[in-house]
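Asks: Attaching a single structure in structure tokens format; questions to follow.
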2 protein chains.
Amino acid sequence: MSVTIKDIAKEANVSTTTVSRVLNNKPDVSDKTKKKVLEVINKLGYNPNGIARGLVLQKTYTIGLIIPDICNPFFPEVARGIQDKARQLGYSVIFYNTDNNKQREKEAIDLLKSKQVDGIILSLSMSNKEELDKLEEENFPVVQIDRKIPGSIFPTVTIDNILSAYNATKYLIELGHKYLAHITGNLGTKTGQDRLEGFKQALKEFNLDYKDEYILEGDYSKESGYKQMKTLLTQKKRPTAVFAANDLMAIGAYEAIFDYGLKIPEDISIIGHDDIDIASIIRPGLTTMTQPKYKLGQIAAEMLIKRIEGLESDNQQEVVLNTELIVRDSTGGWNDEE
Amino acid sequence: MSVTIKDIAKEANVSTTTVSRVLNNKPDVSDKTKKKVLEVINKLGYNPNGIARGLVLQKTYTIGLIIPDICNPFFPEVARGIQDKARQLGYSVIFYNTDNNKQREKEAIDLLKSKQVDGIILSLSMSNKEELDKLEEENFPVVQIDRKIPGSIFPTVTIDNILSAYNATKYLIELGHKYLAHITGNLGTKTGQDRLEGFKQALKEFNLDYKDEYILEGDYSKESGYKQMKTLLTQKKRPTAVFAANDLMAIGAYEAIFDYGLKIPEDISIIGHDDIDIASIIRPGLTTMTQPKYKLGQIAAEMLIKRIEGLESDNQQEVVLNTELIVRDSTGGWNDEE
DNA sequence: TTGAAAGCGCTAACAC
DNA sequence: GTGTTAGCGCTTTCAA
């Protein structure tokens, strides 16, 4: 049906080998035949069959991407970074959503392997070490993103949540705040734990008191931010600044504060985390920490492809990216004399 | 390196043909040999080579997805719908972002074809009819999403923007509003034109005056919404309700209204379009029209795969999906007596 | 019920 | 500089 290398060989009166040679820019072809072959290729509208090529080369120039959910606002930019870099390096990307379901993760890996992808970038559920181990055994090229499964030896690109929370908190402290509260994320998640850890570290570093009643667990939802902020506001001495583990909870906190007739940042400073779209749109603009999502994707893709092409051997490589503080209007200086 | 059908054939003392037969659940294999083969497969940890299979079958069980940008909030859900449905039907998806760049679109199509995908779901820039024509000529399975290139014969899944704008406007009218304004999208886009058209149709249908000064062109940005709302507010008779062609502009309009010390919806009702995340988070909650993005993806994938598998012949098929009104707090009843 | 052989479209030794 | 041949891993006639 489709025009093959054979067709163009026949038409050009050369062997398929010769055609293959010009196709792949190999030397040892006279300019004359090369020109002729090229002409025929153009005339017949030839498009090489990557599948056939993949079979003999044992290489598909395709990588797999396994993520929990492309609809999670963290991932589109990551995926975009991966695809852009992959494309630039000559690779395509097949993607799967798993919803952190172990069965689906296994299915995705098996499928990707049967499609003979050259490598896989993945973000697996923390408990799924088995699959990673299998991949490891086969020495399959893999790069983990966003989360690193403990004990796995594959290279990793992650965000430094501890440092990020530390920096967010430090910013608040440097603004003059002494009574700092933290609405944590779900403490069942590594991210939630890390951000809490960073918060604590900053307090310690600046010799500020650690108050249990100033640390309340949320679940990343706006509602939980609202609820926990209310709790914070009813305490005898209310905090003058709060770090919410994500922007959604920060926005929930906004509402609780407005409900109390207080002002941001005059009465209370709020800092969030993630820099979702809403952060720049809401009033006052939410000061937050932004994650280098696109860059994370790019780096992961580059690492994987280097590994695939044997340009990189260090399997233990761990890239930890820093977030960046975005100062908007929800945070302000504080002076306890006033 | 990897274990092949040959390895398991040897180990099981049968021919590769027999192995292939049990792999594909073909009849004419004795239960005994079948069992034995299955055992060996398990023992050796065999994973079929889809590339080799694809070569002989001329079928890869892979589809392509070409979109402008996965970071555009419209697409993640669409992509998710496509991937979920594809997976359910046994297909994988390779995706490309093109930024509406014609060169990149061509590149993506060529690459996908060389990867021998079984079909493509795409959203091309409106001017890129050539590529579509080529695909058409080859009778390649394609489904267009979001936008239909005029004159193309491929099946399409789109959102009915005219009807959607009509319904948004109608809702405002039924609330009692008689002075309706519209901040349009970029009128260089089909979407912008269609939403304006729907607005006009509703006015006409309800015998309301069409006022040029009540129709101001924006560019989908929050800033343009702000600016045009200001213009609206400075007119002698200001509108009591405005339909913004997207939520971002609606939110810009919010700010202009607040700047004037006016209240939503008491002084002015606002309705947006798209139901982005922010719509439910901002106060007052933004009434808007939501697009069935996930469903659009699912339908597109199902249409494409049916076509690939020859279960569907009607190439002219056009599915037009309706949006749904989400009533929040930015719209209220109006009575001109008051 | 089973196997031998051909071939999918391509690349790579190897020979000329 | 060019062609012959074999083979990548699989499915599918066709014959036994």
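Simple scheme: letters A, B, ... for chains in structure tokens order, numbers from 1 for residues in each chain, numbers from 1 for ligands in the order shown.
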For DC16 (chain C), find every residue with an atom within 12 Å (counting only C-alpha atoms (C1' of nucleotides)), except residues of its own chain fewer than 6 positions away, and show them as a PyMOL selection string.

Replies: chain D and resi 1-4

Asks: Please produce a file of those selected residues containing N, CA and C atoms (P, O5', C5', C4', C3', O3' and C1' of nucleotides), as a PDB file, in the first residue's frame.

Replies:
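part06.pdb, written as the output of this step:
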```pdb
ATOM      1  P    DG D   1      33.040   6.832  -3.298  1.00  0.00           P
ATOM      2  O5'  DG D   1      31.860   6.047  -4.059  1.00  0.00           O
ATOM      3  C5'  DG D   1      31.890   6.121  -5.432  1.00  0.00           C
ATOM      4  C4'  DG D   1      31.033   5.020  -5.960  1.00  0.00           C
ATOM      5  C3'  DG D   1      29.582   5.010  -5.477  1.00  0.00           C
ATOM      6  O3'  DG D   1      28.790   4.657  -6.605  1.00  0.00           O
ATOM      7  C1'  DG D   1      30.602   2.951  -4.909  1.00  0.00           C
ATOM      8  P    DT D   2      27.227   4.563  -6.570  1.00  0.00           P
ATOM      9  O5'  DT D   2      26.954   3.024  -6.290  1.00  0.00           O
ATOM     10  C5'  DT D   2      27.184   2.104  -7.361  1.00  0.00           C
ATOM     11  C4'  DT D   2      26.949   0.710  -6.871  1.00  0.00           C
ATOM     12  C3'  DT D   2      25.554   0.447  -6.308  1.00  0.00           C
ATOM     13  O3'  DT D   2      24.823  -0.271  -7.294  1.00  0.00           O
ATOM     14  C1'  DT D   2      27.275  -0.671  -5.093  1.00  0.00           C
ATOM     15  P    DG D   3      23.385  -0.837  -7.014  1.00  0.00           P
ATOM     16  O5'  DG D   3      23.723  -2.318  -6.536  1.00  0.00           O
ATOM     17  C5'  DG D   3      24.409  -3.189  -7.434  1.00  0.00           C
ATOM     18  C4'  DG D   3      24.571  -4.548  -6.797  1.00  0.00           C
ATOM     19  C3'  DG D   3      23.264  -5.207  -6.355  1.00  0.00           C
ATOM     20  O3'  DG D   3      23.346  -6.585  -6.714  1.00  0.00           O
ATOM     21  C1'  DG D   3      24.735  -5.052  -4.506  1.00  0.00           C
ATOM     22  P    DT D   4      22.094  -7.543  -6.620  1.00  0.00           P
ATOM     23  O5'  DT D   4      22.625  -8.732  -5.707  1.00  0.00           O
ATOM     24  C5'  DT D   4      24.026  -8.921  -5.528  1.00  0.00           C
ATOM     25  C4'  DT D   4      24.241  -9.977  -4.461  1.00  0.00           C
ATOM     26  C3'  DT D   4      23.007 -10.795  -4.081  1.00  0.00           C
ATOM     27  O3'  DT D   4      23.425 -12.123  -3.789  1.00  0.00           O
ATOM     28  C1'  DT D   4      23.778  -9.636  -2.178  1.00  0.00           C
TER      29       DT D   4
END
```

Asks: For region 108-118 of chain B, find every residue with an atom within 10 Å (counting only C-alpha atoms (C1' of nucleotides)), except residues of its own chain fewer than 2 positions away, and show them as a ChimeraX atom specification.

Replies: /A:46-54,60-62,87,90-92 /B:54-55,58-67,91-98,102-106,120,122,131-132,135,140-142,304-305,307-309

Asks: To one decimal in Å, tell me the separation between CA of Ile215 (chain A) and CA of Ala181 (chain A).

Replies: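 Between these atoms lies a distance of 5.8 Å.
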
Asks: If you run DSSP over the backbone, which residues in region 13-221 of chain A end up strand (DSSP E)? Put them as a PyMOL selection string.

Replies: chain A and resi 62-67+92-97+119-122+142-145+156-159+180-184+215-217

Asks: Please, what distance in Å, to one decimal, runs between CA of Glu217 (chain B) and CA of Met289 (chain B)?

Replies: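 Going from CA of Glu217 (chain B) over to CA of Met289 (chain B), I get 19.3 Å.
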
Asks: For a quick test of understanding: name the residues of chain A lying within 6 Å of chain D when counting only C-alpha atoms (C1' of nucleotides), and present them as an MDAnalysis selection string.

Replies: chainID A and resid 28:29 55:56

Asks: Write a file of the just-selected residues containing all heavy atoms, as a CSV table (one decimal), in the first residue's frame.

Replies:
```
chain,number,residue,atom,x,y,z
A,28,ASP,N,29.9,6.9,1.0
A,28,ASP,CA,30.0,5.8,0.0
A,28,ASP,C,28.7,5.8,-0.9
A,28,ASP,O,28.2,4.7,-1.2
A,28,ASP,CB,30.1,4.4,0.7
A,28,ASP,CG,31.5,4.4,1.4
A,28,ASP,OD1,32.4,5.1,1.1
A,28,ASP,OD2,31.6,3.6,2.4
A,29,VAL,N,28.2,6.9,-1.3
A,29,VAL,CA,27.2,6.9,-2.3
A,29,VAL,C,27.7,8.1,-3.3
A,29,VAL,O,28.0,9.2,-2.8
A,29,VAL,CB,25.8,7.3,-1.8
A,29,VAL,CG1,24.8,7.1,-2.9
A,29,VAL,CG2,25.5,6.4,-0.6
A,55,LEU,N,12.6,-2.3,14.3
A,55,LEU,CA,12.8,-3.7,14.5
A,55,LEU,C,14.2,-4.1,14.3
A,55,LEU,O,14.8,-4.8,15.1
A,55,LEU,CB,11.9,-4.5,13.5
A,55,LEU,CG,11.9,-6.0,13.7
A,55,LEU,CD1,11.5,-6.4,15.1
A,55,LEU,CD2,11.0,-6.7,12.7
A,56,VAL,N,14.8,-3.6,13.3
A,56,VAL,CA,16.2,-4.0,13.0
A,56,VAL,C,17.2,-3.2,14.0
A,56,VAL,O,18.2,-3.8,14.5
A,56,VAL,CB,16.7,-3.9,11.6
A,56,VAL,CG1,15.8,-2.9,10.8
A,56,VAL,CG2,18.1,-3.5,11.4
```

Asks: Which parts of region 5-117 of chain B does DSSP call alpha helix (DSSP H) when run on the backbone here, written out as a PyMOL selection string?

Replies: chain B and resi 5-12+16-23+31-44+50-57+75-88+102-114

Asks: Given only C-alpha atoms as the basis, pick out the residue of A:Leu175, A:Ala244, A:Met303, A:Ile278 nearest to chain B.

Replies: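 Of the candidates, the smallest distance to chain B is held by A:Ile278.
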
Asks: Restrict the calculation to only C-alpha atoms (C1' of nucleotides), then for each residue of chain C with any atom at most 9 Å from an atom of chain B give the closest atom pair and their distance in Å to one decimal, rows by chain and rising residue number, as JSON lines.

Replies:
```
{"residue": "C:DT1", "atom": "C1'", "partner": "B:Asp28", "partner_atom": "CA", "distance": 5.9}
{"residue": "C:DT2", "atom": "C1'", "partner": "B:Thr18", "partner_atom": "CA", "distance": 7.2}
{"residue": "C:DG3", "atom": "C1'", "partner": "B:Ser15", "partner_atom": "CA", "distance": 6.1}
{"residue": "C:DG7", "atom": "C1'", "partner": "B:Val56", "partner_atom": "CA", "distance": 8.1}
{"residue": "C:DC8", "atom": "C1'", "partner": "B:Val56", "partner_atom": "CA", "distance": 4.3}
{"residue": "C:DG9", "atom": "C1'", "partner": "B:Leu55", "partner_atom": "CA", "distance": 7.6}
```

Asks: Could you name the residues that touch region 208-210 of chain B at 7 Å or less, counting only C-alpha atoms (C1' of nucleotides), but leaving out those on the same chain fewer than 3 positions away, as a VMD selection string?

Replies: chain B and resid 178 203 to 204

Asks: Name the residues in contact with Val78 (chain A) at a cut-off of 6 Å, using only C-alpha atoms (C1' of nucleotides), excluding same-chain residues fewer than 5 positions from it; report them as a PyMOL selection string.

Replies: chain A and resi 293-294+297

Asks: Find, counting only C-alpha atoms, the residue in B:Gly188, B:Pro150, B:Pro73, B:Gly119 that gets nearest to chain A.

Replies: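 Residue with the minimum atom-to-atom distance to chain A: B:Pro73.
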
Asks: For the atom pair CA of Lys34 (chain A) and CA of Asp7 (chain A), what is the interatomic distance in Å to one decimal place?

Replies: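 That distance, rounded to one decimal, is 15.7 Å.
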
Asks: Residues at most 7 Å from region 282-288 of chain A, counting only C-alpha atoms (C1' of nucleotides), excluding those fewer than 2 positions away in the same chain, as a short mmCIF file (atom, residue, chain, number, x, y, z; two decimals) with N, CA and C atoms, in the first residue's frame?

Replies:
```cif
data_model
loop_
_atom_site.label_atom_id
_atom_site.label_comp_id
_atom_site.auth_asym_id
_atom_site.auth_seq_id
_atom_site.Cartn_x
_atom_site.Cartn_y
_atom_site.Cartn_z
N ILE A 271 1.31 33.23 52.91
CA ILE A 271 2.12 32.78 51.79
C ILE A 271 1.65 31.38 51.43
N GLY A 272 1.59 31.12 50.13
CA GLY A 272 1.12 29.81 49.68
C GLY A 272 2.26 29.00 49.09
N HIS A 273 1.89 28.04 48.27
CA HIS A 273 2.90 27.23 47.61
C HIS A 273 2.33 26.65 46.33
N ASP A 274 3.09 26.71 45.26
CA ASP A 274 2.78 26.12 43.94
C ASP A 274 2.60 27.15 42.82
N ASP A 275 2.11 28.34 43.20
CA ASP A 275 1.83 29.36 42.19
C ASP A 275 0.89 28.86 41.11
N ILE A 278 -4.52 30.87 39.87
CA ILE A 278 -5.33 31.72 40.72
C ILE A 278 -4.51 32.68 41.57
N ALA A 279 -3.31 32.27 41.90
CA ALA A 279 -2.49 33.08 42.81
C ALA A 279 -2.28 34.50 42.28
N SER A 280 -2.15 34.64 40.99
CA SER A 280 -1.89 35.96 40.43
C SER A 280 -3.18 36.70 40.14
N THR A 290 6.99 29.18 43.50
CA THR A 290 6.67 28.56 42.20
C THR A 290 7.63 27.43 41.89
N LEU A 325 10.63 32.17 45.01
CA LEU A 325 9.64 33.00 45.72
C LEU A 325 9.02 34.01 44.78
N ILE A 326 7.70 34.04 44.76
CA ILE A 326 7.00 35.06 43.97
C ILE A 326 6.31 35.98 44.96
N VAL A 327 6.82 37.18 45.08
CA VAL A 327 6.23 38.10 46.04
C VAL A 327 5.07 38.85 45.39
N ARG A 328 3.91 38.74 46.00
CA ARG A 328 2.77 39.54 45.53
C ARG A 328 2.30 40.40 46.70
N ASP A 329 1.01 40.46 46.91
CA ASP A 329 0.53 41.44 47.89
C ASP A 329 0.00 40.84 49.19
N SER A 330 0.14 39.57 49.35
CA SER A 330 -0.47 38.96 50.55
C SER A 330 0.49 38.90 51.74
N THR A 331 1.69 39.40 51.53
CA THR A 331 2.66 39.39 52.62
C THR A 331 3.20 40.81 52.84
N ILE B 282 -13.11 32.15 43.14
CA ILE B 282 -13.22 33.59 43.34
C ILE B 282 -14.55 33.94 44.01
#
```

Asks: Looking at A:Pro155, A:Gly176, A:Gly252, A:Gly261, which one is nearest to chain B, with distances taken over only C-alpha atoms?

Replies: A:Gly252

Asks: Extract, using only C-alpha atoms (C1' of nucleotides), all DNA, RNA and protein residues at most 9 Å from Asn167 (chain B), discarding same-chain residues fewer than 3 positions from it, and format them as a PyMOL selection string.

Replies: chain B and resi 162-164+170-172+198-199+202+289+323-325

Asks: In terms of the shortest atom-to-atom distance over only C-alpha atoms, which of B:Lys35, B:Lys222, B:Arg147, B:His182 is closest to chain A?

Replies: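 For chain A, the nearest of the given residues is B:Lys222.
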
Asks: With only C-alpha atoms as the atoms that count, which of B:Leu296, B:Ile276, B:Leu262, B:Ile159 lies nearest to chain A?

Replies: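 Comparing B:Leu296, B:Ile276, B:Leu262, B:Ile159 against chain A, the winner is B:Ile276.
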